file work.cif (mmCIF, C-alpha atoms)
data_structure
#
loop_
_atom_site.label_atom_id
_atom_site.label_comp_id
_atom_site.auth_asym_id
_atom_site.auth_seq_id
_atom_site.Cartn_x
_atom_site.Cartn_y
_atom_site.Cartn_z
CA MET A 675 -18.51 27.15 2.89
CA THR A 676 -15.07 25.67 2.30
CA ALA A 677 -13.73 22.41 3.70
CA PRO A 678 -11.46 22.70 6.73
CA ARG A 679 -7.75 22.13 6.39
CA LEU A 680 -6.66 18.73 7.65
CA PRO A 681 -3.88 17.97 10.10
CA ILE A 682 -1.12 15.65 8.92
CA LEU A 683 -2.42 12.12 9.45
CA SER A 684 -0.35 9.13 10.55
CA LEU A 685 -0.06 5.92 8.54
CA LEU A 686 -2.49 4.18 10.90
CA GLU A 687 -5.00 7.02 10.69
CA THR A 688 -5.01 6.85 6.88
CA ARG A 689 -5.26 3.07 7.10
CA VAL A 690 -8.31 3.32 9.39
CA LEU A 691 -9.99 5.77 7.02
CA GLY A 692 -9.12 3.67 3.99
CA VAL A 693 -10.53 0.50 5.56
CA LEU A 694 -13.80 2.22 6.49
CA CYS A 695 -14.20 3.65 2.97
CA GLU A 696 -13.39 0.30 1.38
CA LYS A 697 -15.65 -1.84 3.58
CA GLN A 698 -18.57 0.52 3.09
CA HIS A 699 -18.69 -0.77 -0.50
CA THR A 700 -17.29 -4.30 -0.21
CA VAL A 701 -19.20 -5.48 2.90
CA PRO A 702 -22.19 -3.12 3.14
CA ASP A 703 -24.17 -5.60 5.28
CA THR A 704 -21.70 -5.27 8.18
CA TYR A 705 -21.00 -1.56 7.77
CA PRO A 706 -20.49 0.55 9.93
CA LEU A 707 -17.67 -1.62 11.30
CA SER A 708 -17.14 -2.95 14.78
CA LEU A 709 -13.72 -2.40 16.37
CA ASN A 710 -12.78 -6.04 15.74
CA ALA A 711 -13.66 -5.79 12.06
CA LEU A 712 -11.78 -2.50 11.73
CA VAL A 713 -8.64 -3.94 13.34
CA ALA A 714 -8.85 -6.97 11.02
CA GLY A 715 -9.15 -4.66 8.02
CA CYS A 716 -6.11 -2.66 9.13
CA ASN A 717 -4.05 -5.85 9.59
CA GLN A 718 -5.21 -7.40 6.32
CA LYS A 719 -2.36 -8.98 4.36
CA THR A 720 -3.82 -8.61 0.87
CA SER A 721 -4.43 -5.36 -1.03
CA ARG A 722 -2.40 -3.42 1.53
CA HIS A 723 0.91 -1.57 1.30
CA PRO A 724 2.60 -1.50 3.62
CA VAL A 725 1.30 -4.49 5.59
CA ILE A 726 1.00 -3.57 9.28
CA GLU A 727 0.10 -5.27 12.56
CA VAL A 728 -1.74 -3.07 15.06
CA SER A 729 -3.69 -3.63 18.27
CA GLU A 730 -7.21 -2.60 19.27
CA ALA A 731 -5.75 0.07 21.55
CA GLU A 732 -3.77 1.60 18.68
CA VAL A 733 -6.80 1.63 16.40
CA LEU A 734 -8.93 3.22 19.13
CA SER A 735 -6.31 5.94 19.53
CA ALA A 736 -6.40 6.61 15.78
CA ILE A 737 -10.21 6.73 15.88
CA ASP A 738 -10.11 9.33 18.65
CA SER A 739 -7.71 11.47 16.62
CA LEU A 740 -9.93 11.25 13.54
CA LYS A 741 -13.01 12.33 15.46
CA GLY A 742 -11.45 15.78 15.89
CA PRO A 743 -11.61 16.77 12.20
CA ALA A 744 -14.96 14.90 11.96
CA LEU A 745 -13.64 12.23 9.63
CA ILE A 746 -15.11 9.38 11.69
CA VAL A 747 -18.51 9.06 13.33
CA GLU A 748 -19.45 6.58 16.04
CA THR A 749 -22.76 4.76 16.33
CA SER A 750 -23.82 3.12 19.59
CA GLY A 751 -26.93 1.26 18.46
CA GLY A 752 -27.05 -2.40 19.52
CA ARG A 753 -24.56 -4.15 21.77
CA VAL A 754 -21.42 -3.21 19.79
CA THR A 755 -20.06 0.26 19.06
CA ARG A 756 -19.57 0.75 15.35
CA TYR A 757 -17.60 3.23 13.26
CA ALA A 758 -18.16 4.89 9.90
CA HIS A 759 -16.13 7.37 7.87
CA ASN A 760 -17.34 10.88 7.15
CA MET A 761 -14.91 11.65 4.33
CA GLU A 762 -17.32 13.03 1.76
CA ARG A 763 -19.00 15.47 4.13
CA GLY A 764 -15.92 16.21 6.23
CA LEU A 765 -13.74 16.99 3.22
CA ARG A 766 -16.52 18.04 0.84
CA LEU A 767 -15.27 15.73 -1.86
CA PRO A 768 -17.20 13.70 -4.46
CA SER A 769 -17.37 9.91 -4.20
CA GLN A 770 -14.96 9.56 -7.15
CA SER A 771 -12.23 11.42 -5.27
CA ILE A 772 -12.89 9.42 -2.10
CA ALA A 773 -12.51 6.19 -4.09
CA LEU A 774 -9.10 7.27 -5.43
CA LEU A 775 -7.88 8.46 -2.03
CA THR A 776 -9.00 5.16 -0.52
CA ALA A 777 -6.96 3.15 -3.03
CA LEU A 778 -3.93 5.35 -2.38
CA MET A 779 -4.30 5.13 1.41
CA LEU A 780 -4.56 1.34 1.33
CA ARG A 781 -2.08 0.44 -1.43
CA GLY A 782 0.41 3.30 -1.64
CA PRO A 783 1.51 5.15 -4.82
CA GLN A 784 -0.01 3.87 -8.07
CA THR A 785 -0.41 4.84 -11.70
CA ALA A 786 -3.73 6.12 -13.00
CA GLY A 787 -4.32 2.76 -14.67
CA GLU A 788 -3.66 0.87 -11.45
CA LEU A 789 -5.94 3.23 -9.55
CA ARG A 790 -8.75 2.67 -12.04
CA THR A 791 -8.48 -1.09 -11.48
CA ASN A 792 -7.97 -1.01 -7.72
CA SER A 793 -10.84 1.39 -7.05
CA GLU A 794 -13.33 -0.39 -9.30
CA ARG A 795 -15.34 -1.82 -6.39
CA LEU A 796 -15.73 1.67 -4.96
CA HIS A 797 -16.38 3.55 -8.21
CA ARG A 798 -16.21 2.54 -11.85
CA PHE A 799 -14.36 5.15 -13.88
CA ALA A 800 -15.17 5.31 -17.58
CA ASP A 801 -11.51 5.52 -18.58
CA ILE A 802 -8.06 6.48 -17.36
CA SER A 803 -8.54 10.12 -18.40
CA ALA A 804 -11.43 10.34 -15.92
CA VAL A 805 -9.13 9.05 -13.17
CA GLU A 806 -6.48 11.57 -14.13
CA GLY A 807 -9.05 14.37 -14.09
CA PHE A 808 -10.07 13.68 -10.49
CA LEU A 809 -6.45 13.22 -9.43
CA GLN A 810 -5.64 16.60 -10.93
CA GLU A 811 -8.57 18.20 -9.11
CA LEU A 812 -7.28 16.79 -5.83
CA ALA A 813 -3.80 18.10 -6.65
CA GLU A 814 -5.13 21.61 -7.32
CA ARG A 815 -7.60 21.75 -4.42
CA PRO A 816 -7.66 25.34 -3.04
CA GLU A 817 -8.15 24.19 0.57
CA GLY A 818 -5.02 22.05 0.38
CA THR A 819 -3.64 19.62 -2.18
CA MET A 820 -4.37 15.97 -1.50
CA THR A 821 -2.52 14.19 -4.31
CA VAL A 822 0.79 14.60 -6.09
CA GLU A 823 2.20 13.12 -9.28
CA LEU A 824 5.55 11.50 -8.51
CA PRO A 825 8.61 11.61 -10.78
CA ARG A 826 8.61 8.80 -13.32
CA GLN A 827 10.67 5.79 -12.28
CA PRO A 828 13.45 4.57 -14.59
CA GLY A 829 12.00 2.20 -17.15
CA ALA A 830 8.39 2.99 -16.20
CA ARG A 831 5.84 4.00 -18.84
CA GLU A 832 3.58 5.99 -16.50
CA ASN A 833 3.95 8.26 -13.51
CA ARG A 834 2.59 7.17 -10.16
CA TRP A 835 0.37 9.24 -7.89
CA ALA A 836 0.43 9.46 -4.09
CA HIS A 837 -1.87 11.01 -1.49
CA LEU A 838 -0.69 13.88 0.71
CA LEU A 839 -2.84 13.19 3.78
CA SER A 840 0.30 12.10 5.62
CA GLY A 841 2.48 14.85 4.19
CA ALA A 842 4.98 14.57 1.35
CA PRO A 843 5.61 10.91 0.46
CA ALA A 844 9.09 9.47 0.80
CA VAL A 845 10.67 8.78 -2.58
CA GLU A 846 11.24 5.04 -2.81
CA GLU A 847 14.44 3.79 -4.41
CA THR A 848 13.51 1.86 -7.52
CA PRO A 849 14.98 -1.55 -8.39
CA ALA A 850 16.59 0.01 -11.46
CA ALA A 851 18.23 2.71 -9.37
CA ALA A 852 19.37 0.19 -6.80
CA SER A 853 20.98 -2.04 -9.43
CA SER A 854 23.13 0.85 -10.64
CA THR A 855 25.03 1.00 -7.35
CA PRO A 856 28.17 -1.17 -7.02
CA ALA A 857 26.97 -2.79 -3.79
CA THR A 858 23.92 -4.32 -5.48
CA ASP A 859 25.17 -4.69 -9.04
CA VAL A 860 24.58 -8.47 -9.14
CA THR A 861 21.98 -10.01 -11.40
CA VAL A 862 19.93 -13.15 -10.80
CA GLY A 863 21.81 -14.85 -13.62
CA GLU A 864 25.16 -14.08 -12.02
CA ILE A 865 24.01 -15.51 -8.70
CA ALA A 866 22.83 -18.69 -10.44
CA ALA A 867 26.20 -19.00 -12.20
CA LEU A 868 28.07 -18.62 -8.91
CA LYS A 869 25.93 -21.32 -7.31
CA ALA A 870 26.62 -23.64 -10.26
CA ASN A 871 30.37 -23.05 -9.92
CA VAL A 872 30.27 -23.80 -6.21
CA ALA A 873 28.37 -27.04 -6.84
CA ARG A 874 30.89 -28.05 -9.53
CA LEU A 875 33.85 -27.34 -7.24
CA GLU A 876 32.26 -29.32 -4.41
CA ALA A 877 31.77 -32.28 -6.77
CA GLU A 878 35.41 -32.08 -7.87
CA VAL A 879 36.60 -32.00 -4.25
CA ASP A 880 34.49 -35.07 -3.46
CA ALA A 881 35.98 -36.86 -6.48
CA LEU A 882 39.54 -35.98 -5.39
CA LYS A 883 38.81 -37.22 -1.87
CA GLY A 884 37.63 -40.52 -3.33
CA LEU A 885 40.73 -40.83 -5.50
CA VAL A 886 43.07 -40.10 -2.57
CA GLY A 887 41.26 -42.64 -0.46
CA LYS A 888 41.60 -45.27 -3.17
CA LEU A 889 45.34 -44.58 -3.58
CA CYS A 890 45.88 -44.74 0.18
CA ALA A 891 44.11 -48.09 0.28
CA GLU A 892 46.23 -49.51 -2.54
CA LEU A 893 49.44 -48.32 -0.89
CA GLY A 894 48.38 -49.47 2.54
CA ILE A 895 48.47 -45.97 3.93
CA ALA A 896 45.93 -45.07 6.59
CA GLY A 897 43.62 -42.28 5.38
#
call {"tool": "encode", "arguments": {"input": "work.cif", "output": "structure tokens"}}
result
Amino acid sequence: MTAPRLPILSLLETRVLGVLCEKQHTVPDTYPLSLNALVAGCNQKTSRHPVIEVSEAEVLSAIDSLKGPALIVETSGGRVTRYAHNMERGLRLPSQSIALLTALMLRGPQTAGELRTNSERLHRFADISAVEGFLQELAERPEGTMTVELPRQPGARENRWAHLLSGAPAVEETPAAASSTPATDVTVGEIAALKANVARLEAEVDALKGLVGKLCAELGIAG
């Protein structure tokens, strides 16, 4: 039995899934997560790219959408409703692949080396080649590719990978590419030099003002 094809997920939907997958391993004592904890995880400032600010209503809407493809399950035990992901069973993927997708959903495109480091708390890969092997499997998945290797950025030593759960990723303009355009062809050193020149000119103007004032005083001319 093959895994069902997924709809294109929104940024918030992938963030919700990523948070649930992450917290399952990092805070197992409080997992499944309450709505408050899930919202806090989505709005977390560290280990997130991009950083977002969403409300409980928006997260609830994303949860409802993810229940359709059975990627989230709800538990009603106790006084608070809690939520858990169902990625492994819903997508029929091994835990290694879920760990890599989680890192990509939470942090954006990364190299295989970065993914190995950032997914360590979810799964410890033996080496970078193991990471690349699972990324390649996700990229060649018959039911629908889930990762893609991005073109190498100028000056970079490794290619980055991105997930495809939200469709084809937008190609970000690299700092090197941006600096090649006339509008942004200014280095930090040039800016510092300009500031130094401005400060020097201001000092010279102040000195001239003082000299003029002194001459006016000697000649009895009102300044």
call {"tool": "residues_around", "arguments": {"input": "work.cif", "residues": "A:Gly841", "least_positions_apart": "4", "cutoff": "12 Å", "atoms": "all atoms listed in the file", "output": "MDAnalysis selection string"}}
result
chainID A and resid 680:685 688 818:822 836:837
call {"tool": "atom_distance", "arguments": {"input": "work.cif", "atom1": "atom CA of A:Gly787", "atom2": "atom CA of A:Glu762"}}
result
23.3 Å
call {"tool": "resolve_selection", "arguments": {"input": "work.cif", "expression": "the PyMOL selection byres ((chain A and resi 801-810) around 9)", "output": "PyMOL selection string"}}
result
chain A and resi 770-771+774-775+786-787+789-790+798-800+811-815+820-823+835
call {"tool": "atom_distance", "arguments": {"input": "work.cif", "atom1": "atom CA of A:Leu839", "atom2": "atom CA of A:Thr704"}}
result
26.8 Å
call {"tool": "resolve_selection", "arguments": {"input": "work.cif", "expression": "the PyMOL selection byres ((chain A and resi 733) around 12)", "output": "short mmCIF file (atom, residue, chain, number, x, y, z; two decimals) with C-alpha atoms, keeping the file's coordinate frame"}}
result
data_model
loop_
_atom_site.label_atom_id
_atom_site.label_comp_id
_atom_site.auth_asym_id
_atom_site.auth_seq_id
_atom_site.Cartn_x
_atom_site.Cartn_y
_atom_site.Cartn_z
CA SER A 684 -0.35 9.13 10.55
CA LEU A 685 -0.06 5.92 8.54
CA LEU A 686 -2.49 4.18 10.90
CA GLU A 687 -5.00 7.02 10.69
CA THR A 688 -5.01 6.85 6.88
CA ARG A 689 -5.26 3.07 7.10
CA VAL A 690 -8.31 3.32 9.39
CA LEU A 691 -9.99 5.77 7.02
CA VAL A 693 -10.53 0.50 5.56
CA SER A 708 -17.14 -2.95 14.78
CA LEU A 709 -13.72 -2.40 16.37
CA ASN A 710 -12.78 -6.04 15.74
CA ALA A 711 -13.66 -5.79 12.06
CA LEU A 712 -11.78 -2.50 11.73
CA VAL A 713 -8.64 -3.94 13.34
CA ALA A 714 -8.85 -6.97 11.02
CA GLY A 715 -9.15 -4.66 8.02
CA CYS A 716 -6.11 -2.66 9.13
CA ASN A 717 -4.05 -5.85 9.59
CA ILE A 726 1.00 -3.57 9.28
CA GLU A 727 0.10 -5.27 12.56
CA VAL A 728 -1.74 -3.07 15.06
CA SER A 729 -3.69 -3.63 18.27
CA GLU A 730 -7.21 -2.60 19.27
CA ALA A 731 -5.75 0.07 21.55
CA GLU A 732 -3.77 1.60 18.68
CA LEU A 734 -8.93 3.22 19.13
CA SER A 735 -6.31 5.94 19.53
CA ALA A 736 -6.40 6.61 15.78
CA ILE A 737 -10.21 6.73 15.88
CA ASP A 738 -10.11 9.33 18.65
CA SER A 739 -7.71 11.47 16.62
CA LEU A 740 -9.93 11.25 13.54
CA TYR A 757 -17.60 3.23 13.26
#
call {"tool": "closest_residue", "arguments": {"input": "work.cif", "among": "A:Leu824, A:Ala842, A:Leu707, A:Cys695", "to": "A:Pro783", "atoms": "only C-alpha atoms"}}
result
A:Leu824
call {"tool": "axis_aligned_box", "arguments": {"input": "work.cif", "around": "stretch 753-756 of chain A", "padding_each_side": "4 Å", "output": "lines of an AutoDock Vina configuration file"}}
result
center_x = -22.1
center_y = -1.7
center_z = 18.6
size_x = 13.0
size_y = 12.9
size_z = 14.4
